[in-house]
>>> print(open('work13.cif').read())   # mmCIF, C-alpha atoms (C1' of nucleotides)
data_my_file
#
loop_
_atom_site.label_atom_id
_atom_site.label_comp_id
_atom_site.auth_asym_id
_atom_site.auth_seq_id
_atom_site.Cartn_x
_atom_site.Cartn_y
_atom_site.Cartn_z
CA MET A 1 -14.39 -19.45 -39.11
CA ASN A 2 -16.35 -22.59 -38.33
CA ILE A 3 -18.37 -23.42 -35.29
CA HIS A 4 -15.50 -25.06 -33.44
CA MET A 5 -13.31 -22.01 -33.77
CA ILE A 6 -16.01 -19.85 -32.28
CA LYS A 7 -16.11 -22.08 -29.27
CA LYS A 8 -12.36 -21.96 -28.85
CA GLU A 9 -12.44 -18.20 -29.14
CA LYS A 10 -15.03 -17.99 -26.41
CA ILE A 11 -12.92 -20.09 -24.09
CA LYS A 12 -9.88 -17.99 -24.86
CA ASP A 13 -11.91 -14.87 -24.15
CA LYS A 14 -12.84 -16.07 -20.72
CA LYS A 15 -9.33 -17.15 -19.92
CA SER A 16 -7.88 -13.86 -20.99
CA ALA A 17 -10.62 -11.97 -19.18
CA LEU A 18 -9.51 -13.73 -16.04
CA LEU A 19 -5.86 -12.99 -16.66
CA ASN A 20 -6.69 -9.37 -17.33
CA ALA A 21 -8.74 -9.07 -14.19
CA THR A 22 -5.92 -10.59 -12.17
CA LEU A 23 -3.43 -8.19 -13.68
CA THR A 24 -5.57 -5.23 -12.78
CA LEU A 25 -6.34 -6.28 -9.23
CA VAL A 26 -2.82 -7.37 -8.36
CA ASN A 27 -1.47 -4.11 -9.72
CA ASP A 28 -3.97 -1.95 -7.90
CA HIS A 29 -4.09 -3.69 -4.55
CA GLY A 30 -1.30 -6.25 -4.44
CA PHE A 31 -1.39 -10.02 -4.39
CA HIS A 32 -2.51 -10.05 -0.77
CA ASP A 33 -5.64 -8.07 -1.63
CA ALA A 34 -6.72 -9.66 -4.89
CA PRO A 35 -9.09 -12.41 -3.81
CA MET A 36 -10.51 -14.93 -6.23
CA SER A 37 -13.98 -13.58 -5.62
CA LYS A 38 -13.00 -10.13 -6.87
CA ILE A 39 -11.05 -11.54 -9.79
CA ALA A 40 -14.12 -13.51 -10.82
CA LYS A 41 -16.41 -10.52 -10.48
CA LEU A 42 -14.15 -8.28 -12.55
CA ALA A 43 -13.86 -10.94 -15.24
CA GLY A 44 -17.61 -11.37 -15.27
CA VAL A 45 -17.68 -15.01 -14.23
CA ALA A 46 -18.52 -17.02 -11.14
CA PRO A 47 -15.70 -17.83 -8.72
CA ALA A 48 -15.96 -21.52 -9.48
CA THR A 49 -15.39 -20.88 -13.17
CA ILE A 50 -11.81 -19.85 -12.49
CA TYR A 51 -11.06 -23.43 -11.52
CA LEU A 52 -12.12 -24.66 -14.94
CA TYR A 53 -9.21 -22.76 -16.42
CA PHE A 54 -6.63 -22.77 -13.64
CA LYS A 55 -5.67 -25.31 -11.03
CA ASN A 56 -5.60 -22.77 -8.22
CA LYS A 57 -4.64 -19.19 -7.47
CA GLN A 58 -0.92 -19.81 -7.70
CA ASP A 59 -1.38 -21.45 -11.07
CA LEU A 60 -3.38 -18.45 -12.23
CA ILE A 61 -0.62 -16.08 -11.18
CA ASN A 62 2.10 -18.24 -12.72
CA ASN A 63 0.24 -18.36 -16.01
CA LEU A 64 -0.24 -14.63 -16.01
CA TYR A 65 3.44 -14.10 -15.28
CA LEU A 66 4.55 -16.30 -18.18
CA GLU A 67 2.06 -14.75 -20.55
CA VAL A 68 3.10 -11.21 -19.75
CA LYS A 69 6.76 -12.13 -19.84
CA ALA A 70 6.27 -13.60 -23.31
CA SER A 71 4.51 -10.48 -24.56
CA PHE A 72 7.37 -8.44 -23.15
CA SER A 73 9.98 -10.45 -25.02
CA ASP A 74 7.97 -10.39 -28.21
CA CYS A 75 7.97 -6.63 -28.04
CA ALA A 76 11.62 -6.39 -27.03
CA PHE A 77 12.96 -8.03 -30.17
CA LYS A 78 10.59 -6.54 -32.71
CA GLY A 79 12.60 -5.44 -35.73
CA TYR A 80 15.81 -6.87 -34.34
CA HIS A 81 18.06 -9.39 -36.00
CA ASN A 82 21.38 -10.74 -34.80
CA THR A 83 23.12 -9.75 -38.03
CA MET A 84 22.84 -6.11 -37.08
CA PRO A 85 25.79 -4.14 -35.74
CA VAL A 86 25.96 -4.40 -31.97
CA LYS A 87 25.15 -0.82 -31.14
CA LYS A 88 22.28 -0.63 -33.61
CA GLY A 89 20.82 -3.86 -32.29
CA PHE A 90 21.13 -2.73 -28.72
CA GLU A 91 19.50 0.56 -29.57
CA ILE A 92 16.52 -1.16 -31.16
CA ILE A 93 16.03 -3.53 -28.25
CA TRP A 94 16.47 -0.80 -25.66
CA TYR A 95 13.88 1.47 -27.29
CA ASN A 96 11.51 -1.45 -27.71
CA ILE A 97 11.73 -2.22 -24.03
CA ALA A 98 11.38 1.45 -23.12
CA ASP A 99 8.25 1.61 -25.25
CA TYR A 100 6.85 -1.43 -23.56
CA LYS A 101 7.53 -0.22 -20.05
CA LEU A 102 6.20 3.24 -20.65
CA ASN A 103 3.14 2.32 -22.67
CA LEU A 104 2.07 -1.08 -21.39
CA VAL A 105 2.39 0.20 -17.87
CA ASN A 106 0.13 -2.38 -16.28
CA GLU A 107 1.98 -5.31 -17.72
CA ALA A 108 5.35 -3.84 -16.84
CA ALA A 109 4.31 -2.96 -13.31
CA PHE A 110 3.05 -6.48 -12.81
CA LEU A 111 6.35 -7.94 -13.94
CA SER A 112 8.25 -5.65 -11.63
CA GLN A 113 6.04 -6.73 -8.77
CA CYS A 114 6.63 -10.38 -9.58
CA ASP A 115 10.37 -9.94 -9.82
CA ASN A 116 10.63 -8.29 -6.43
CA THR A 117 8.39 -10.48 -4.31
CA PRO A 118 8.12 -14.19 -3.57
CA MET A 119 4.75 -14.42 -5.26
CA ILE A 120 6.05 -16.41 -8.25
CA ASP A 121 7.53 -19.89 -7.93
CA GLU A 122 11.26 -19.80 -8.53
CA GLU A 123 11.14 -22.36 -11.34
CA ILE A 124 8.50 -20.36 -13.18
CA ARG A 125 10.61 -17.25 -12.81
CA LYS A 126 13.55 -19.05 -14.38
CA GLU A 127 11.38 -20.12 -17.27
CA GLY A 128 10.42 -16.51 -17.88
CA LEU A 129 14.06 -15.49 -18.08
CA LYS A 130 14.89 -17.65 -21.09
CA HIS A 131 13.22 -15.27 -23.52
CA LEU A 132 15.97 -12.73 -23.05
CA GLN A 133 18.67 -14.87 -24.65
CA PRO A 134 19.06 -12.82 -27.85
CA LEU A 135 20.01 -9.78 -25.79
CA LEU A 136 22.57 -11.76 -23.85
CA ASP A 137 24.02 -13.05 -27.11
CA LEU A 138 24.18 -9.53 -28.46
CA TRP A 139 26.15 -8.44 -25.41
CA ASP A 140 28.53 -11.34 -25.83
CA GLN A 141 29.12 -10.25 -29.39
CA GLY A 142 29.70 -6.68 -28.24
CA LYS A 143 32.24 -7.81 -25.70
CA LYS A 144 34.09 -9.86 -28.33
CA GLU A 145 34.21 -6.87 -30.64
CA GLY A 146 35.56 -4.67 -27.85
CA ILE A 147 32.57 -2.33 -28.03
CA ILE A 148 31.05 -3.22 -24.70
CA LYS A 149 32.78 -3.49 -21.33
CA PRO A 150 33.61 -7.04 -20.23
CA LEU A 151 30.99 -7.04 -17.50
CA SER A 152 28.67 -9.81 -16.41
CA ILE A 153 25.31 -9.92 -18.14
CA PHE A 154 23.74 -9.10 -14.79
CA VAL A 155 25.63 -5.84 -14.51
CA LEU A 156 24.87 -5.00 -18.11
CA TYR A 157 21.19 -5.61 -17.52
CA ALA A 158 21.22 -3.72 -14.25
CA TYR A 159 22.68 -0.61 -15.88
CA THR A 160 20.75 -0.51 -19.13
CA ILE A 161 17.36 -2.20 -18.90
CA TYR A 162 16.58 -2.31 -15.21
CA PRO A 163 16.67 1.48 -14.73
CA LEU A 164 13.64 1.72 -16.98
CA THR A 165 11.63 -0.10 -14.34
CA PHE A 166 12.33 2.69 -11.91
CA LEU A 167 11.45 5.41 -14.37
CA MET A 168 8.25 3.60 -15.23
CA ALA A 169 7.30 3.43 -11.56
CA MET A 170 7.99 7.13 -11.07
CA GLN A 171 5.93 7.94 -14.11
CA GLU A 172 3.05 5.85 -12.86
CA ARG A 173 3.10 7.73 -9.57
CA ASN A 174 2.99 11.00 -11.53
CA LEU A 175 6.31 12.09 -10.10
CA TYR A 176 7.95 12.26 -13.46
CA THR A 177 7.23 12.10 -17.19
CA LEU A 178 9.48 11.01 -20.01
CA ASN A 179 9.23 12.73 -23.37
CA THR A 180 11.13 11.80 -26.51
CA LYS A 181 14.06 14.10 -25.84
CA VAL A 182 14.54 12.83 -22.30
CA LEU A 183 14.25 9.28 -23.54
CA ASP A 184 17.17 9.88 -25.89
CA GLU A 185 19.26 11.26 -23.06
CA THR A 186 18.30 8.25 -21.01
CA PHE A 187 19.42 5.89 -23.74
CA GLN A 188 22.70 7.75 -23.82
CA ALA A 189 23.14 7.14 -20.11
CA ALA A 190 22.53 3.43 -20.61
CA TRP A 191 25.00 3.26 -23.44
CA ASP A 192 27.63 5.30 -21.61
CA ALA A 193 27.39 2.91 -18.69
CA ILE A 194 28.39 -0.14 -20.70
CA LYS A 195 30.27 1.08 -23.80
CA LEU A 196 34.03 0.83 -23.90
CA MET B 1 21.02 2.16 33.72
CA ASN B 2 18.16 2.52 36.18
CA ILE B 3 15.06 0.42 36.56
CA HIS B 4 12.94 2.51 34.21
CA MET B 5 15.46 2.16 31.45
CA ILE B 6 15.34 -1.59 31.79
CA LYS B 7 11.62 -1.49 31.28
CA LYS B 8 11.98 0.71 28.24
CA GLU B 9 14.61 -1.60 26.87
CA LYS B 10 12.32 -4.54 27.28
CA ILE B 11 9.54 -2.76 25.46
CA LYS B 12 11.94 -1.80 22.71
CA ASP B 13 13.12 -5.38 22.53
CA LYS B 14 9.62 -6.65 21.99
CA LYS B 15 8.85 -4.01 19.42
CA SER B 16 11.98 -4.73 17.47
CA ALA B 17 11.46 -8.46 17.79
CA LEU B 18 8.11 -7.93 16.12
CA LEU B 19 9.59 -5.78 13.40
CA ASN B 20 12.30 -8.33 12.80
CA ALA B 21 9.84 -11.17 12.61
CA THR B 22 7.75 -9.23 10.13
CA LEU B 23 10.79 -8.49 8.00
CA THR B 24 11.74 -12.15 7.89
CA LEU B 25 8.30 -13.47 7.10
CA VAL B 26 7.45 -10.87 4.49
CA ASN B 27 10.77 -11.48 2.80
CA ASP B 28 10.46 -15.24 2.80
CA HIS B 29 6.81 -15.65 1.93
CA GLY B 30 5.47 -12.26 0.88
CA PHE B 31 2.98 -9.97 2.52
CA HIS B 32 0.11 -12.23 1.51
CA ASP B 33 1.56 -15.11 3.49
CA ALA B 34 2.82 -13.39 6.62
CA PRO B 35 -0.09 -13.64 9.03
CA MET B 36 -0.14 -11.95 12.40
CA SER B 37 -0.22 -15.32 14.13
CA LYS B 38 3.09 -16.35 12.55
CA ILE B 39 4.64 -12.96 13.18
CA ALA B 40 3.70 -13.25 16.83
CA LYS B 41 5.04 -16.76 17.10
CA LEU B 42 8.35 -15.87 15.50
CA ALA B 43 8.70 -12.84 17.77
CA GLY B 44 7.89 -14.98 20.78
CA VAL B 45 4.73 -13.14 21.85
CA ALA B 46 1.02 -13.70 21.76
CA PRO B 47 -0.92 -12.37 18.75
CA ALA B 48 -2.79 -9.90 20.92
CA THR B 49 0.47 -8.40 22.13
CA ILE B 50 1.18 -7.01 18.67
CA TYR B 51 -1.74 -4.67 19.16
CA LEU B 52 -0.12 -3.12 22.21
CA TYR B 53 2.64 -1.83 19.95
CA PHE B 54 0.92 -1.34 16.62
CA LYS B 55 -2.55 -0.20 15.67
CA ASN B 56 -3.01 -2.93 13.06
CA LYS B 57 -1.14 -4.90 10.48
CA GLN B 58 -0.82 -2.01 8.06
CA ASP B 59 0.59 0.15 10.83
CA LEU B 60 3.10 -2.56 11.62
CA ILE B 61 4.23 -2.73 8.01
CA ASN B 62 4.38 1.04 7.69
CA ASN B 63 6.51 1.30 10.81
CA LEU B 64 8.84 -1.38 9.58
CA TYR B 65 9.18 0.37 6.25
CA LEU B 66 10.06 3.70 7.85
CA GLU B 67 12.50 2.11 10.28
CA VAL B 68 14.34 0.21 7.58
CA LYS B 69 14.32 3.21 5.28
CA ALA B 70 15.88 5.28 8.07
CA SER B 71 18.58 2.70 8.71
CA PHE B 72 19.28 2.69 4.98
CA SER B 73 19.73 6.44 4.86
CA ASP B 74 21.87 6.44 7.99
CA CYS B 75 24.18 4.01 6.29
CA ALA B 76 24.11 5.82 2.97
CA PHE B 77 25.56 9.04 4.30
CA LYS B 78 28.10 7.66 6.75
CA GLY B 79 31.34 9.58 6.34
CA TYR B 80 29.83 11.97 3.85
CA HIS B 81 29.73 15.73 4.11
CA ASN B 82 28.43 18.23 1.60
CA THR B 83 31.72 20.12 1.57
CA MET B 84 33.35 17.24 -0.27
CA PRO B 85 34.08 17.36 -4.00
CA VAL B 86 31.14 16.03 -5.95
CA LYS B 87 32.76 12.91 -7.29
CA LYS B 88 34.30 11.98 -3.98
CA GLY B 89 30.98 12.48 -2.20
CA PHE B 90 29.11 10.46 -4.78
CA GLU B 91 31.66 7.68 -4.51
CA ILE B 92 31.29 7.48 -0.74
CA ILE B 93 27.51 7.42 -0.88
CA TRP B 94 27.44 4.89 -3.71
CA TYR B 95 29.75 2.48 -1.92
CA ASN B 96 27.82 2.93 1.30
CA ILE B 97 24.61 1.99 -0.44
CA ALA B 98 26.27 -0.92 -2.21
CA ASP B 99 27.53 -2.16 1.15
CA TYR B 100 24.07 -1.88 2.61
CA LYS B 101 22.33 -3.69 -0.23
CA LEU B 102 24.86 -6.47 -0.40
CA ASN B 103 25.31 -7.04 3.30
CA LEU B 104 21.99 -6.15 4.89
CA VAL B 105 20.24 -8.23 2.28
CA ASN B 106 17.05 -8.75 4.24
CA GLU B 107 16.48 -5.09 4.86
CA ALA B 108 17.28 -4.19 1.27
CA ALA B 109 15.06 -6.92 -0.15
CA PHE B 110 12.23 -5.73 2.02
CA LEU B 111 12.60 -2.17 0.78
CA SER B 112 12.65 -3.36 -2.79
CA GLN B 113 9.48 -5.32 -2.17
CA CYS B 114 7.80 -2.28 -0.65
CA ASP B 115 8.84 -0.03 -3.50
CA ASN B 116 7.43 -2.33 -6.15
CA THR B 117 4.08 -3.30 -4.64
CA PRO B 118 1.08 -1.45 -3.26
CA MET B 119 1.71 -2.78 0.24
CA ILE B 120 2.80 0.57 1.66
CA ASP B 121 0.52 3.59 1.87
CA GLU B 122 1.57 6.20 -0.65
CA GLU B 123 1.98 8.94 1.97
CA ILE B 124 4.26 6.74 4.05
CA ARG B 125 6.32 5.99 0.98
CA LYS B 126 6.74 9.69 0.34
CA GLU B 127 7.90 10.19 3.89
CA GLY B 128 10.56 7.54 3.40
CA LEU B 129 11.90 9.34 0.37
CA LYS B 130 12.83 12.51 2.21
CA HIS B 131 15.94 10.95 3.72
CA LEU B 132 17.65 10.97 0.36
CA GLN B 133 17.82 14.75 0.09
CA PRO B 134 21.60 15.07 0.61
CA LEU B 135 22.20 12.92 -2.46
CA LEU B 136 19.82 15.03 -4.52
CA ASP B 137 21.61 18.15 -3.35
CA LEU B 138 24.94 16.61 -4.29
CA TRP B 139 23.67 15.92 -7.79
CA ASP B 140 22.41 19.49 -8.10
CA GLN B 141 25.85 20.70 -7.14
CA GLY B 142 27.43 18.36 -9.68
CA LYS B 143 25.18 19.66 -12.42
CA LYS B 144 26.04 23.26 -11.55
CA GLU B 145 29.73 22.43 -11.71
CA GLY B 146 29.30 20.75 -15.08
CA ILE B 147 30.54 17.42 -13.78
CA ILE B 148 27.25 15.56 -14.00
CA LYS B 149 24.83 15.43 -16.92
CA PRO B 150 21.82 17.75 -16.61
CA LEU B 151 19.40 14.87 -16.07
CA SER B 152 16.45 14.63 -13.74
CA ILE B 153 17.18 13.22 -10.30
CA PHE B 154 14.99 10.27 -11.23
CA VAL B 155 17.19 9.35 -14.16
CA LEU B 156 20.31 9.84 -12.08
CA TYR B 157 18.94 7.56 -9.40
CA ALA B 158 17.74 5.01 -11.93
CA TYR B 159 21.20 4.71 -13.48
CA THR B 160 23.39 4.76 -10.39
CA ILE B 161 21.63 3.51 -7.28
CA TYR B 162 18.70 1.50 -8.57
CA PRO B 163 20.82 -1.02 -10.49
CA LEU B 164 22.22 -2.20 -7.17
CA THR B 165 18.78 -3.49 -6.29
CA PHE B 166 18.89 -5.81 -9.25
CA LEU B 167 22.38 -7.05 -8.47
CA MET B 168 21.35 -7.64 -4.88
CA ALA B 169 18.38 -9.72 -6.00
CA MET B 170 20.53 -11.79 -8.35
CA GLN B 171 23.02 -12.34 -5.58
CA GLU B 172 20.32 -13.44 -3.19
CA ARG B 173 19.12 -15.99 -5.72
CA ASN B 174 22.68 -17.29 -6.01
CA LEU B 175 22.81 -16.42 -9.68
CA TYR B 176 25.67 -14.02 -9.24
CA THR B 177 28.22 -12.79 -6.70
CA LEU B 178 29.94 -9.46 -6.45
CA ASN B 179 33.52 -9.28 -5.24
CA THR B 180 35.54 -6.12 -4.64
CA LYS B 181 36.96 -5.92 -8.14
CA VAL B 182 33.58 -6.32 -9.79
CA LEU B 183 32.13 -3.75 -7.43
CA ASP B 184 34.69 -1.21 -8.63
CA GLU B 185 33.78 -1.92 -12.25
CA THR B 186 30.18 -1.53 -11.32
CA PHE B 187 30.81 1.83 -9.73
CA GLN B 188 32.57 2.86 -12.91
CA ALA B 189 29.46 1.94 -14.90
CA ALA B 190 27.33 4.09 -12.61
CA TRP B 191 29.68 7.01 -12.91
CA ASP B 192 30.03 6.67 -16.68
CA ALA B 193 26.27 6.76 -17.00
CA ILE B 194 25.93 10.18 -15.41
CA LYS B 195 29.28 11.96 -15.71
CA LEU B 196 29.75 14.61 -18.35
"C1'" DA C 1 -36.08 -30.79 -39.21
"C1'" DA C 2 -37.76 -31.73 -34.71
"C1'" DA C 3 -37.26 -34.17 -30.54
"C1'" DT C 4 -34.46 -36.49 -27.43
"C1'" DT C 5 -30.34 -37.62 -25.26
"C1'" DA C 6 -25.56 -36.87 -23.93
"C1'" DT C 7 -21.79 -33.80 -22.86
"C1'" DA C 8 -19.54 -29.86 -21.47
"C1'" DA C 9 -19.46 -25.19 -19.27
"C1'" DA C 10 -20.84 -22.37 -15.81
"C1'" DT C 11 -22.99 -21.30 -11.72
"C1'" DG C 12 -24.16 -19.83 -6.73
"C1'" DA C 13 -24.19 -21.62 -2.44
"C1'" DA C 14 -21.57 -23.94 0.97
"C1'" DC C 15 -17.36 -25.95 2.90
"C1'" DG C 16 -13.54 -25.97 6.09
"C1'" DT C 17 -9.87 -23.04 7.15
"C1'" DT C 18 -7.41 -19.05 8.22
"C1'" DC C 19 -7.28 -14.38 8.85
"C1'" DA C 20 -6.97 -9.85 11.63
"C1'" DT C 21 -8.70 -8.29 15.58
"C1'" DT C 22 -11.00 -8.17 20.24
"C1'" DC C 23 -12.35 -9.78 24.77
"C1'" DT C 24 -11.48 -11.81 29.10
"C1'" DT C 25 -8.31 -13.64 32.10
"C1'" DT C 26 -3.78 -14.21 34.03
"C1'" DT C 27 0.80 -12.69 35.02
"C1'" DT C 28 4.16 -9.41 36.32
"C1'" DG C 29 6.70 -5.55 38.33
"C1'" DG C 30 6.50 -1.80 41.52
"C1'" DC D 1 -2.30 -5.05 46.14
"C1'" DC D 2 -2.71 -2.58 41.99
"C1'" DA D 3 -2.02 -1.02 37.40
"C1'" DA D 4 0.10 -2.21 33.20
"C1'" DA D 5 1.46 -5.84 30.10
"C1'" DA D 6 0.80 -10.11 28.16
"C1'" DA D 7 -1.54 -14.13 27.21
"C1'" DG D 8 -4.83 -17.19 25.14
"C1'" DA D 9 -9.22 -18.15 23.78
"C1'" DA D 10 -12.86 -16.38 21.06
"C1'" DT D 11 -14.91 -13.66 17.20
"C1'" DG D 12 -16.92 -12.63 12.81
"C1'" DA D 13 -15.40 -11.86 8.40
"C1'" DA D 14 -13.08 -13.31 4.41
"C1'" DC D 15 -10.44 -16.50 2.13
"C1'" DG D 16 -9.54 -20.34 -1.48
"C1'" DT D 17 -11.73 -24.12 -3.02
"C1'" DT D 18 -15.38 -27.67 -3.89
"C1'" DC D 19 -19.89 -29.41 -4.77
"C1'" DA D 20 -24.50 -30.29 -6.40
"C1'" DT D 21 -27.15 -28.19 -9.91
"C1'" DT D 22 -28.44 -25.65 -13.76
"C1'" DT D 23 -27.73 -23.91 -18.31
"C1'" DA D 24 -25.94 -24.13 -22.84
"C1'" DT D 25 -24.12 -26.77 -26.59
"C1'" DA D 26 -23.49 -30.96 -29.37
"C1'" DA D 27 -24.77 -35.49 -30.98
"C1'" DT D 28 -28.07 -38.82 -31.98
"C1'" DT D 29 -32.33 -40.54 -33.04
"C1'" DT D 30 -36.81 -40.10 -34.90
#
>>> encode(input="work13.cif", output="C-alpha cells")
Amino acid sequence: MNIHMIKKEKIKDKKSALLNATLTLVNDHGFHDAPMSKIAKLAGVAPATIYLYFKNKQDLINNLYLEVKASFSDCAFKGYHNTMPVKKGFEIIWYNIADYKLNLVNEAAFLSQCDNTPMIDEEIRKEGLKHLQPLLDLWDQGKKEGIIKPLSIFVLYAYTIYPLTFLMAMQERNLYTLNTKVLDETFQAAWDAIKL
Amino acid sequence: MNIHMIKKEKIKDKKSALLNATLTLVNDHGFHDAPMSKIAKLAGVAPATIYLYFKNKQDLINNLYLEVKASFSDCAFKGYHNTMPVKKGFEIIWYNIADYKLNLVNEAAFLSQCDNTPMIDEEIRKEGLKHLQPLLDLWDQGKKEGIIKPLSIFVLYAYTIYPLTFLMAMQERNLYTLNTKVLDETFQAAWDAIKL
DNA sequence: AAATTATAAATGAACGTTCATTCTTTTTGG
DNA sequence: CCAAAAAGAATGAACGTTCATTTATAATTT
C-alpha cells in the first residue's frame, strides 16, 4: 500500500465515520434531533468538516440511505443464483434478509425509518429500490412455474419480506426475541402466504 | 345545544384544527420540518394559542398519536364481537383495518411514521397498543381451537396486519392500487400465512 | 537531505435564520 | 366591566452553513 492509498483510506475513514455517526444519532433520536453539531462531535471532526464530504445535511442523509440500502442488497443475495429452483432461491434470500434485519439492527432500523417518513428525496428512494430486481425476477419465475400465487410484487413483498421489519422493531424494543426455531416457523408463514 | 356547549364545541374545534394541521404537516414534510409556526398558521391560530391546548410540541404529537390510534382501533372492531367464529371475526377486523389504511391514508401514514421513528415517547406508544387487545384475544381463541398456528402475537400481526402498511405506502406513492378483487386475494394471503 | 513553497484538509468561531416557547397586550363573551 | 382566550411581538437557544485561519501534507528548489 503506497502513500496515496493511505491518504485515500484516511478520507474514507472520515466519511464513513460521519455516516456511522449519522446512522447512530438518527436511529436514537430521529432526524429532527440529530443536528450537524452532534454528528460532527460523534464522528470526531469539526462541524465544518462535514461540508468537505457532503453538500449539506440532506445530501448526507441521502448518501447514508443509498449506502445502507446497497449493503442490504449485497447481503440479501449472498449465495443466491437465478439458476436455483424458485423455492430454494426464495429461501436463501429470505433467510439472508432475516439475518440482516435481526443482526444489523441499526442499519435495518434506519432503512425502516427512511421508508416510512419523508426524510429521503423520492428520487433517491427509487434509486435504492433497483437493487431488489433479482428477487422480483425470481417471483416472476415462480409465478410462471405455478409455484407462487399470481400476485403483484408489492403484495408478495408485503407478505414475505416486510413482516421482518416489524419483528425487528419488536425485538429492538425488547418485546420479543426470535430464535432459530421461531425463525423457521416465520419463514413457513411467509411461504404459506404466497405459495400456490 | 346551550351556550356552554357552543363554547366547548369551539374549543374542541380549535384543538382538532391543531391536531389536523399537525397531521398534515408531519405527513407532508416530516416531524423535523413541521414547526409550531406553520402548524399554527395552517390551523388558523396564533403560535401562542397552541400552548393553551398543549403543554409543548411533544405533548401535541403525543396527543395526536393517541387520538389517531384510538380512531384506528374504533374502526378496526366495528361490527365485531368476540362471540363470532374465529375466522369470521378475523375477516371482519382485517377488512376494517384494510379499509382504514386505504381510505384514511393520512391517519394511517402518520401512525406508520410514529411506529418507525423515535418521535413518540415509548410509554405513550405502549398506551396506544392496548387498544388492540380484542384481536390478540381472538388469536388466542383461534390457537386454542387449532385453527391458527401457535405463533406469537407479534408474528401473527407481522404477517396479517402489518403488510397493509406497506401496501398503503405503495398506494400513496402511486406505485400500486388495490381494487376489491386484489384486496380479497390479499386477505387470502394473510389467512394462509397464519391458518393451520 | 534540508529548506522553502504550494496545496489540500481541517478547524473553531461566527453568520443569518429559524425554532419552540414566553410575555405583554388586545379581543371577546358573559 | 371582568375574566378567559387569543393574538402578536419578543426571547434566547439552537440550527445549518460559511468563513477566515491554521495545520498537515506534498512538491519544488536548494
>>> resolve_selection(input="work13.cif", expression="the PyMOL selection byres ((chain C and resi 10-27) around 9)", output="ChimeraX atom specification")
/A:45-49 /B:35-37,48,51,56-57 /C:9,28 /D:5-11,13-15,17-19,21-24
>>> residues_around(input="work13.cif", residues="DC1 in chain D", least_positions_apart="2", cutoff="12 Å", atoms="only C-alpha atoms (C1' of nucleotides)", output="PyMOL selection string")
(chain C and resi 29-30) or (chain D and resi 3)
>>> write_last_selection(input="work13.cif", atoms="C-alpha atoms (C1' of nucleotides)", output="short mmCIF file (atom, residue, chain, number, x, y, z; two decimals), in the frame of the given file")
data_model
loop_
_atom_site.label_atom_id
_atom_site.label_comp_id
_atom_site.auth_asym_id
_atom_site.auth_seq_id
_atom_site.Cartn_x
_atom_site.Cartn_y
_atom_site.Cartn_z
"C1'" DG C 29 6.70 -5.55 38.33
"C1'" DG C 30 6.50 -1.80 41.52
"C1'" DA D 3 -2.02 -1.02 37.40
#
>>> atom_distance(input="work13.cif", atom1="CA of Leu151 in chain B", atom2="CA of Glu172 in chain A")
18.9 Å
>>> closest_residue(input="work13.cif", among="B:Asp140, B:Phe90, B:Leu111, B:Glu127", to="Thr160 in chain B", atoms="only C-alpha atoms")
B:Phe90
>>> closest_residue(input="work13.cif", among="A:Leu183, A:Val68, A:Cys75, A:Leu42", to="Ile97 in chain A", atoms="all atoms listed in the file")
A:Cys75
>>> residues_around(input="work13.cif", residues="Phe166 in chain A", least_positions_apart="6", cutoff="9 Å", atoms="all atoms listed in the file", output="list of chain:residue names")
B:Phe154, B:Val155, B:Tyr157, B:Ala158, B:Tyr162
>>> interface_residues(input="work13.cif", of="chain A", to="chain B", cutoff="8 Å", atoms="only C-alpha atoms", output="PyMOL selection string")
chain A and resi 27-33+109+112-113+116-119+151+154-155+158-160+162-164+166-167+169-170+176+185-186+188-194
>>> resolve_selection(input="work13.cif", expression="the PyMOL selection byres ((chain A and resi 141) around 12)", output="PyMOL selection string")
chain A and resi 82-87+89-90+134-140+142-150+153
>>> atom_distance(input="work13.cif", atom1="CA of Leu23 in chain B", atom2="CA of Gly44 in chain B")
14.6 Å
>>> closest_residue(input="work13.cif", among="A:Ile50, A:Ile39, A:Leu18, A:Ala70", to="chain C", atoms="only C-alpha atoms (C1' of nucleotides)")
A:Ile50
>>> atom_distance(input="work13.cif", atom1="CA of Ala43 in chain B", atom2="CA of Asp13 in chain B")
9.9 Å
>>> resolve_selection(input="work13.cif", expression="the PyMOL selection byres ((chain C and resi 4) around 12)", output="mmCIF file with C-alpha atoms (C1' of nucleotides), in the frame of the given file")
data_model
loop_
_atom_site.group_PDB
_atom_site.id
_atom_site.type_symbol
_atom_site.label_atom_id
_atom_site.label_comp_id
_atom_site.auth_asym_id
_atom_site.auth_seq_id
_atom_site.Cartn_x
_atom_site.Cartn_y
_atom_site.Cartn_z
ATOM 1 C "C1'" DA C 2 -37.760 -31.730 -34.710
ATOM 2 C "C1'" DA C 3 -37.260 -34.170 -30.540
ATOM 3 C "C1'" DT C 5 -30.340 -37.620 -25.260
ATOM 4 C "C1'" DA C 6 -25.560 -36.870 -23.930
ATOM 5 C "C1'" DA D 27 -24.770 -35.490 -30.980
ATOM 6 C "C1'" DT D 28 -28.070 -38.820 -31.980
ATOM 7 C "C1'" DT D 29 -32.330 -40.540 -33.040
ATOM 8 C "C1'" DT D 30 -36.810 -40.100 -34.900
#
>>> axis_aligned_box(input="work13.cif", around="range 104-123 of chain A", padding_each_side="3 Å", output="JSON")
{"center_x": 5.7, "center_y": -11.1, "center_z": -12.5, "size_x": 17.1, "size_y": 28.6, "size_z": 23.8}
>>> build_atoms(input="work13.cif", residues="range 64-68 of chain A", atoms="N, CA and C atoms", output="PDB file, in the coordinates of the input")
ATOM      1  N   LEU A  64      -0.239 -16.044 -15.648  1.00  0.00           N
ATOM      2  CA  LEU A  64      -0.240 -14.630 -16.010  1.00  0.00           C
ATOM      3  C   LEU A  64       1.192 -14.130 -16.171  1.00  0.00           C
ATOM      4  N   TYR A  65       2.036 -14.523 -15.233  1.00  0.00           N
ATOM      5  CA  TYR A  65       3.440 -14.100 -15.280  1.00  0.00           C
ATOM      6  C   TYR A  65       4.082 -14.525 -16.598  1.00  0.00           C
ATOM      7  N   LEU A  66       3.921 -15.785 -16.950  1.00  0.00           N
ATOM      8  CA  LEU A  66       4.550 -16.300 -18.180  1.00  0.00           C
ATOM      9  C   LEU A  66       3.981 -15.625 -19.417  1.00  0.00           C
ATOM     10  N   GLU A  67       2.682 -15.392 -19.396  1.00  0.00           N
ATOM     11  CA  GLU A  67       2.060 -14.750 -20.550  1.00  0.00           C
ATOM     12  C   GLU A  67       2.585 -13.333 -20.751  1.00  0.00           C
ATOM     13  N   VAL A  68       2.630 -12.589 -19.653  1.00  0.00           N
ATOM     14  CA  VAL A  68       3.100 -11.210 -19.750  1.00  0.00           C
ATOM     15  C   VAL A  68       4.573 -11.170 -20.131  1.00  0.00           C
TER      16      VAL A  68
END
